[in-house]
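*Asks:* Please see the structure below; I have some questions.
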Amino acid sequence: MEAERVASDLLAGVGTRLAHSAAVAAQAGRVAGALDERWGAVLVDAAWLHDIGYAPSVAVCGFHPLDGARWLRDRHWPDKTCRLVAGHSRSLAEATLRGLGDELLGEFPPAPGLPAAALAWADVTSLPDGGRCRLADRLADILDRYPDGPVHEATLTNRAGLEDDVCLVEGLLSAAVSGRGR
């Protein structure tokens, strides 16, 4: 799988980013079948690639969703993958705080609601070390690691939207399990 290889190459040695990306990809794989096949096919790739903007060789502007999406676009990855990476986990709030909101939206239109929610759910239910978690634990972890600044503020701003994303995706997964039991 090309996305896994690229993430492994770029994120090796970047803290726990590779372990986190692998966990996000595993979570994305659980929900990909619930998406329209045009988006489901790229969700797992975007999950592997969502944090490549942290790689020193990829980081340019310092905002990892935008850096990662630009790097992917420049290497001709599918537009849908780039859009999911750019907007992952409601990144627009932080982009706006950093003065990059117009660039983000101008270059990468938001992905539709369900694919965006699925990637956000996969991200916020995966710890930095690759473990799974509840949204409340993940948000507490983020707020702890970033006690002030744009990450902290954007996390607070996005809390309700992320709760909605988690409810939507977990509802879909529950319905799928219930449907199989019949």
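Here, A, B, ... name the chains of the structure tokens in the order displayed, residue numbers run from 1 inside each chain, and ligands are numbered from 1 in the same displayed order.
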Could you give me, as JSON, numbers by chain, the residues within 12 Å of stretch 90-99 of chain A, counting only C-alpha atoms and dropping anything in the same chain fewer than 3 positions from it?
*Replies:* {"A": [50, 51, 61, 62, 63, 64, 65, 66, 67, 69, 83, 84, 85, 86, 87, 102, 103, 104, 105, 106, 108, 109, 110, 111, 112, 113, 115, 116, 117, 118, 119, 120, 121, 123, 124, 149, 150, 151, 152, 153, 154, 155, 156, 157, 158, 159, 160, 161, 162, 163, 164, 165]}
*Asks:* Taking only residues of stretch 54-132 of chain A that have an atom at most 8 Å from an atom of stretch 22-34 of chain A, what is each one's shortest atom pair and its distance in Å to one decimal, using only C-alpha atoms, in chain and number order, as JSON lines?
*Replies:*
{"residue": "A:Ala118", "atom": "CA", "partner": "A:Ala28", "partner_atom": "CA", "distance": 6.8}
{"residue": "A:Leu119", "atom": "CA", "partner": "A:Ala28", "partner_atom": "CA", "distance": 6.5}
{"residue": "A:Ala122", "atom": "CA", "partner": "A:Val24", "partner_atom": "CA", "distance": 5.0}
{"residue": "A:Asp123", "atom": "CA", "partner": "A:Val24", "partner_atom": "CA", "distance": 5.3}
{"residue": "A:Thr125", "atom": "CA", "partner": "A:Val24", "partner_atom": "CA", "distance": 7.8}
{"residue": "A:Ser126", "atom": "CA", "partner": "A:Val24", "partner_atom": "CA", "distance": 5.9}
{"residue": "A:Leu127", "atom": "CA", "partner": "A:Ala23", "partner_atom": "CA", "distance": 8.0}
{"residue": "A:Gly130", "atom": "CA", "partner": "A:Ala23", "partner_atom": "CA", "distance": 5.0}
{"residue": "A:Gly131", "atom": "CA", "partner": "A:Ala23", "partner_atom": "CA", "distance": 6.9}
{"residue": "A:Arg132", "atom": "CA", "partner": "A:Ala23", "partner_atom": "CA", "distance": 7.5}
*Asks:* Pull C-alpha atoms from the residues just selected and write them as a CSV table (one decimal), in the first residue's frame.
*Replies:*
chain,number,residue,atom,x,y,z
A,118,ALA,CA,-14.9,9.6,9.4
A,119,LEU,CA,-11.3,10.8,9.3
A,122,ALA,CA,-10.4,8.0,13.4
A,123,ASP,CA,-8.0,10.7,14.5
A,125,THR,CA,-10.1,8.0,18.8
A,126,SER,CA,-6.4,7.2,18.4
A,127,LEU,CA,-3.8,8.3,20.9
A,130,GLY,CA,-1.2,4.2,18.7
A,131,GLY,CA,-3.7,3.2,21.3
A,132,ARG,CA,-7.4,3.7,21.1
*Asks:* What's the 12 Å shell around A:Val6, counting only C-alpha atoms, without same-chain residues fewer than 2 positions away, as a ChimeraX atom specification?
*Replies:* /A:1-4,8-12,18,21-22,45-53,55,58,68,71-72,75,77
*Asks:* Any idea what the distance is between atom CA of A:Glu37 and atom CA of A:Thr81?
*Replies:*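 Computed distance, atom CA of A:Glu37 to atom CA of A:Thr81, equals 13.3 Å.
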